[in-house]
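K.L.:
Please read through the structure below; I'll follow up with questions.
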Amino acid sequence: MSKALLFAGLLTASQPAWAEADKALLAIDAARARPLDAAIADLERWRPHFDAADTESRRLFLQLCAEIEIEQGHLRQAETTLAQLSAQSDAAGRAIAAALASQLFLLHGQTAESLREAKSAAELANAQTGPRIQAFAWGVLAQTLQRLGRLEEAMVVAQSSLTKLGNTAPARDRARFTRVLAGVNFELRDMPRALAYAQETKKLVEQDRDLWFMPTAELLLASVFSGSGRSNDSRQMLVHAIGDGQRLGLAMQTWAAHTNLADWYLQKARWADAAFYARHAIALSHKMDDNVQKGVTHSNLGQALIGLGQLHEGILELERSVEIANRANDITALIDTLPDLAAGYYKAGRVEAAYLALQRYRAKTRELALLNRERLEVEMQARFDISRRDRQIEQLLSQNQIQSATVERQRAEVQARGAAVLVLVAAVVFALLLFRRTRRSKLALEQANKRLAYFAERDPLSGLLNRRAMLAWLEQARAGAANSALGLLLLDIDHFKSINDRFGHAAGDAVIVELARRLQELLREDDRLARWGGEEFLIVVREIRPGHLEALAERILGRIGDEPFALAAGAFSVSLSAGFAAYPLASESAAAGWEAHLVLADQALFLAKRRGRNRACGVVELLRPWPEARRALEADFPQALAARFVRSVWCEGPELGNREAGNLFAEPRREARVQDKA
């Protein structure tokens with residue numbers, strides 16, 4: 001709930017009763033350390049005043065009611081409240097209603113509808129002047145994109161929104177986006193960065209004293225701790241989440257903490273403890289409306305009971321989990337649960353039922369693979385050119401064909417031995433081994449496909465080509481290098497470590513994302529831009545003359561330095577140092593390959609750094625025989641330039657020190673420098 005909007009509602013209330021009611025709303029929103037029951041009692045006491053209140057006051061009241069109803073798991077009641085909120089005439093009410101409806105659709109497993117409502121909320125919020133409504137709507141959009149596995153889009157939305165908010169924004173608003181950034185980095189297996197964002201989320205929640213959000217922050221930290229190998233820290237954080245959730249009456253978050261803790265004990269094969277927490281989760285779920293995620297709790301209990309030797313009871317729980325997944329058409333949940341159900345049937349001597357469960361498991365696996373393949377084809381068509389897209393699709397199809405052929409061959413070999421029971425045993429063992437390794441995650445095939453599409457060629461933060469993809473492209477271009485002039489430009493952000501040290505990794509990430517965007521604006525479709533590593537970038541341009549290469553370097557320095565970067569820490573100028581080289585310098589140097597010419601660009605970059613930064617040094621023409629020049633350049637690069645073994649050029653970036661925004665890391669320019677354009 002927006003405090004700024006609540007204040008606005010207080011100021012605009014015209015009647016005394018409404019003014020008192022607005023004060024009550026402000027008190028409810030501010031005192032988020034109180035149990036939900038107390039907040040509900042206050043809302044009910046003031047409800048008659050808001051039934052006839054003005055648009056803004058009624059909107060604030062309905063929003064808070066809906067948020068509490070969702071947190072309690074009263075989803076049908078929340079739908080009714082959101083319908084009333086959506087009927088409001090102002091765009092703000094419709095934006096908030098769409099954002100909360102998106103969350104409801106996610107809880108029901110309706111992902112397409114969830115994304116539709118989240119996008120609608122963001123569009124409606126853009127029409128508002130209130131930054132808190134925008135933060136609320138865009139936070140829901142970022143979270144929805146993350147939950148749907150659209151990680152790059154989620155990161156862009158969260159990072160840009162966080163930058164726009166700035167450090168002076170309410171801590172609660174910033175926490176919406178640091179939470180998403182933690183989740184995205186967790187999915188990308190960048191655990192140090194995920195941990196940093198998760199810890200920042202918890203810190204922001206503590207700063208805002210928003211204890212209603214605290215269990216969510218603790219659940220997030222628990223997941224990151226688990227992924228980082230800190231198992232005991234994960235368990236302890238889940239215990240904290242349960243305590244905070246129970247104390248405040250946060251049903252959804254308490255249920256999630258019990259479910260995750262049951263899963264934690266399952267991983268340790270501590271069946272009795274797992275059953276204890278799973279039963280508590282199920283008891284909580286009975287107080288909530290339909291939620292497709294409830295199936296996880298029955299699956300956890302079923303596995304724990306089977307581990308305890310209570311086969312009949314365990315099978316019943318697993319069957320309930322499958323039934324819930326069936327109703328929601330949740331293929332991933334079915335794939336997670338069916339191997340356990342087959343194993344339970346087999347242990348109970350129900351061989352035919354086990355075999356049918358495994359057959360269904362295999363059918364759902366193929367169905368999910370087909371859905372993933374279709375989705376990936378669409379994504380790749382949008383992101384990659386035809387040749388690269390076809391290559392990745394071929395890899396995906398080949399991988400799926402190999403896996404399918406392997407399964408079929410194994411089945412045929414076992415059947416050839418005439419032992420149907422052994423087929424079942426082998427299948428159960430295979431399924432269980434696979435399931436144990438990938439528990440509570442998507443299928444290995446889905447993970448492989450997602451990583452292939454995302455990691456094969458792209459840097460997850462900037463969306464640029466990664467180093468491996470650029471190397472592959474350069475190898476393909478090697479054969480045509482003699483007939484096609486290339487330009488190699490290495491760029492390095494000046495004082496990047498200082499940005500991270502002074503303003504945090506979020507500011508550093510924002511600089512990289514914005515810098516990548518600006519660089520892409522300057523390049524042609526056939527050029528290539530890669531994040532070469534850390535704060536270093538590599539540009540390869542085709543069909544370019546030495547003079548044009550120098551002009552491009554000047555444009556790059558100007559595009560980066562002319563306009564300050566607007567970050568959460570404030571607006572300040574950022575500069576680059578660059579080194580560039582033509583490839584080939586001459587026909588005789590072509591045989592040395594792009595590697596030798598990239599070394600020259602790297603040496604030129606180092607020299608630009610030494611001579612004051614915010615400038616570029618380039619090697620554009622060979623003036624002596626290549627073997628002689630190469631030896632001289634490798635021995636003493638600055639001296640070789642001065643001795644004119646090659647023709648070098650220098651470009652200066654714009655002055656930064658006197659800008660209104662300020663350049664926090666500016667150095668005085670050095671007048672004495674090499675300027676050789678002969």
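Naming works like this for the structure tokens: A, B, ... for the chains as they're shown, residue 1 at the start of each chain, ligands 1 onward in shown order.
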So that I can check the surroundings of Arg235 in chain A, please list as an NGL selection string every protein, DNA and RNA residue that reaches within 9 Å of it, counting only C-alpha atoms and ignoring chain neighbours fewer than 3 positions away.
P.N.:
:A and (222 or 225-226 or 230-232 or 238-240 or 260-261 or 264-265)
K.L.:
Excluding same-chain residues fewer than 3 positions from range 495-506 of chain A, what lies within 9 Å of it counting only C-alpha atoms, as a list in words?
P.N.:
Gln159, Leu162, Thr163, Thr178, Arg193, Ala196, Tyr197, Asp492, Asp509, Ala510, Val511, Glu535, Ala568, Ala569, Val574, Ser575 and Phe665 of chain A
K.L.:
Hey, what's within 8 Å of range 93-105 of chain A if we count only C-alpha atoms and toss same-chain stuff fewer than 2 positions away? As a VMD selection string, please?
P.N.:
chain A and resid 59 63 66 to 67 70 75 79 82 to 83 85 to 91 107 to 111 113 to 118 120 to 125 133 136 to 137 140 to 141 144
K.L.:
Next, write the just-selected residues to a file, as a compact mmCIF listing (two decimals), in the first residue's frame, keeping N, CA, C and O atoms as the atom set.
P.N.:
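Now in part_1.txt:
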```
# COMPACT_ATOMS: atom_id res chain seq x y z
N ARG A 59 -10.33 3.55 -3.35
CA ARG A 59 -9.28 2.76 -3.98
C ARG A 59 -8.25 2.28 -2.96
O ARG A 59 -7.84 1.12 -2.97
N GLN A 63 -7.57 -1.68 -2.10
CA GLN A 63 -6.25 -2.25 -2.35
C GLN A 63 -5.72 -2.97 -1.12
O GLN A 63 -5.22 -4.09 -1.20
N ALA A 66 -7.59 -6.22 -0.53
CA ALA A 66 -7.22 -7.28 -1.48
C ALA A 66 -5.86 -7.87 -1.14
O ALA A 66 -5.66 -9.09 -1.20
N GLU A 67 -4.90 -7.02 -0.78
CA GLU A 67 -3.56 -7.53 -0.43
C GLU A 67 -3.63 -8.47 0.77
O GLU A 67 -2.98 -9.52 0.80
N ILE A 70 -5.30 -11.85 -0.23
CA ILE A 70 -4.37 -12.73 -0.96
C ILE A 70 -3.38 -13.35 0.00
O ILE A 70 -3.08 -14.55 -0.07
N LEU A 75 -8.57 -16.43 -1.86
CA LEU A 75 -8.41 -15.97 -3.24
C LEU A 75 -9.73 -15.57 -3.88
O LEU A 75 -9.80 -14.60 -4.64
N GLU A 79 -10.75 -11.94 -5.38
CA GLU A 79 -11.25 -11.70 -6.74
C GLU A 79 -12.44 -10.74 -6.72
O GLU A 79 -12.56 -9.85 -7.57
N LEU A 82 -11.11 -7.25 -6.03
CA LEU A 82 -10.43 -6.69 -7.19
C LEU A 82 -11.42 -6.27 -8.28
O LEU A 82 -11.17 -5.32 -9.02
N ALA A 83 -12.52 -6.99 -8.39
CA ALA A 83 -13.55 -6.59 -9.35
C ALA A 83 -14.10 -5.22 -8.98
O ALA A 83 -14.35 -4.37 -9.86
N LEU A 85 -12.45 -2.96 -7.26
CA LEU A 85 -11.36 -2.01 -7.47
C LEU A 85 -11.21 -1.67 -8.95
O LEU A 85 -10.99 -0.53 -9.33
N SER A 86 -11.34 -2.69 -9.80
CA SER A 86 -11.20 -2.48 -11.24
C SER A 86 -12.33 -1.62 -11.79
O SER A 86 -12.16 -0.94 -12.82
N ALA A 87 -13.46 -1.66 -11.13
CA ALA A 87 -14.60 -0.86 -11.59
C ALA A 87 -14.42 0.63 -11.31
O ALA A 87 -15.22 1.45 -11.77
N GLN A 88 -13.37 0.97 -10.56
CA GLN A 88 -13.10 2.38 -10.27
C GLN A 88 -12.85 3.11 -11.59
O GLN A 88 -12.34 2.55 -12.55
N SER A 89 -13.19 4.38 -11.64
CA SER A 89 -13.06 5.13 -12.90
C SER A 89 -11.63 5.56 -13.17
O SER A 89 -11.28 5.87 -14.31
N ASP A 90 -10.75 5.62 -12.15
CA ASP A 90 -9.41 6.14 -12.38
C ASP A 90 -8.45 5.02 -12.79
O ASP A 90 -8.62 3.85 -12.44
N ALA A 91 -7.42 5.40 -13.56
CA ALA A 91 -6.44 4.43 -14.05
C ALA A 91 -5.63 3.82 -12.92
O ALA A 91 -5.18 2.67 -13.02
N LEU A 107 -1.07 -17.84 -8.79
CA LEU A 107 -1.43 -18.81 -7.75
C LEU A 107 -2.33 -19.91 -8.29
O LEU A 107 -2.32 -21.03 -7.81
N HIS A 108 -3.11 -19.58 -9.31
CA HIS A 108 -3.98 -20.57 -9.95
C HIS A 108 -3.27 -21.33 -11.07
O HIS A 108 -3.88 -22.19 -11.70
N GLY A 109 -2.00 -20.98 -11.34
CA GLY A 109 -1.26 -21.66 -12.39
C GLY A 109 -1.59 -21.18 -13.79
O GLY A 109 -1.20 -21.82 -14.77
N GLN A 110 -2.27 -20.05 -13.91
CA GLN A 110 -2.66 -19.52 -15.22
C GLN A 110 -1.62 -18.48 -15.66
O GLN A 110 -1.80 -17.28 -15.49
N THR A 111 -0.53 -18.97 -16.24
CA THR A 111 0.62 -18.11 -16.49
C THR A 111 0.37 -17.09 -17.60
O THR A 111 0.81 -15.94 -17.49
N GLU A 113 -2.45 -15.70 -18.52
CA GLU A 113 -3.33 -14.65 -17.99
C GLU A 113 -2.57 -13.75 -17.01
O GLU A 113 -2.79 -12.53 -16.97
N SER A 114 -1.67 -14.36 -16.22
CA SER A 114 -0.89 -13.58 -15.27
C SER A 114 -0.03 -12.55 -15.98
O SER A 114 0.04 -11.38 -15.58
N LEU A 115 0.65 -12.96 -17.04
CA LEU A 115 1.51 -12.04 -17.78
C LEU A 115 0.69 -10.94 -18.45
O LEU A 115 1.09 -9.77 -18.47
N ARG A 116 -0.48 -11.31 -18.98
CA ARG A 116 -1.34 -10.32 -19.63
C ARG A 116 -1.73 -9.22 -18.64
O ARG A 116 -1.66 -8.02 -18.95
N GLU A 117 -2.16 -9.62 -17.44
CA GLU A 117 -2.58 -8.63 -16.44
C GLU A 117 -1.40 -7.80 -15.95
O GLU A 117 -1.54 -6.60 -15.69
N ALA A 118 -0.23 -8.43 -15.80
CA ALA A 118 0.95 -7.69 -15.34
C ALA A 118 1.35 -6.62 -16.34
O ALA A 118 1.68 -5.48 -15.97
N SER A 120 -0.66 -5.21 -18.51
CA SER A 120 -1.71 -4.19 -18.48
C SER A 120 -1.51 -3.24 -17.30
O SER A 120 -1.68 -2.02 -17.44
N ALA A 121 -1.14 -3.80 -16.15
CA ALA A 121 -0.91 -2.97 -14.96
C ALA A 121 0.22 -1.98 -15.21
O ALA A 121 0.13 -0.79 -14.85
N ALA A 122 1.32 -2.45 -15.83
CA ALA A 122 2.46 -1.58 -16.09
C ALA A 122 2.08 -0.45 -17.05
O ALA A 122 2.48 0.71 -16.87
N GLU A 123 1.30 -0.77 -18.09
CA GLU A 123 0.87 0.25 -19.05
C GLU A 123 -0.03 1.29 -18.39
O GLU A 123 0.11 2.50 -18.63
N LEU A 124 -0.95 0.82 -17.57
CA LEU A 124 -1.84 1.76 -16.88
C LEU A 124 -1.06 2.64 -15.91
O LEU A 124 -1.33 3.83 -15.78
N ALA A 125 -0.09 2.04 -15.23
CA ALA A 125 0.68 2.79 -14.24
C ALA A 125 1.52 3.88 -14.88
O ALA A 125 1.81 4.90 -14.25
N ILE A 133 2.77 3.88 -7.33
CA ILE A 133 1.90 3.01 -8.12
C ILE A 133 2.70 2.36 -9.24
O ILE A 133 2.56 1.17 -9.52
N PHE A 136 4.82 -0.39 -7.79
CA PHE A 136 4.01 -1.56 -7.46
C PHE A 136 3.71 -2.37 -8.72
O PHE A 136 3.92 -3.59 -8.76
N ALA A 137 3.26 -1.69 -9.78
CA ALA A 137 2.87 -2.39 -11.01
C ALA A 137 4.08 -3.00 -11.72
O ALA A 137 4.04 -4.16 -12.15
N VAL A 140 5.39 -6.10 -9.94
CA VAL A 140 4.63 -7.31 -10.24
C VAL A 140 5.00 -7.85 -11.62
O VAL A 140 5.14 -9.07 -11.81
N LEU A 141 5.19 -6.97 -12.60
CA LEU A 141 5.59 -7.42 -13.93
C LEU A 141 6.94 -8.12 -13.89
O LEU A 141 7.12 -9.19 -14.49
N THR A 144 6.55 -11.50 -12.30
CA THR A 144 5.84 -12.45 -13.18
C THR A 144 6.78 -12.97 -14.26
O THR A 144 6.80 -14.17 -14.55
```
K.L.:
Could you state the separation of CA of Thr81 in chain A and CA of Asp42 in chain A in Å, given to one decimal place?
P.N.:
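Interatomic distance here is 16.9 Å.
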K.L.:
Run DSSP on the backbone and tell me which residues of range 124-323 of chain A come out as helix (DSSP H, G or I); list them as number ranges by chain.
P.N.:
A: 124-126, 131-147, 151-165, 171-187, 191-208, 214-227, 231-248, 251-267, 271-285, 294-307, 311-323
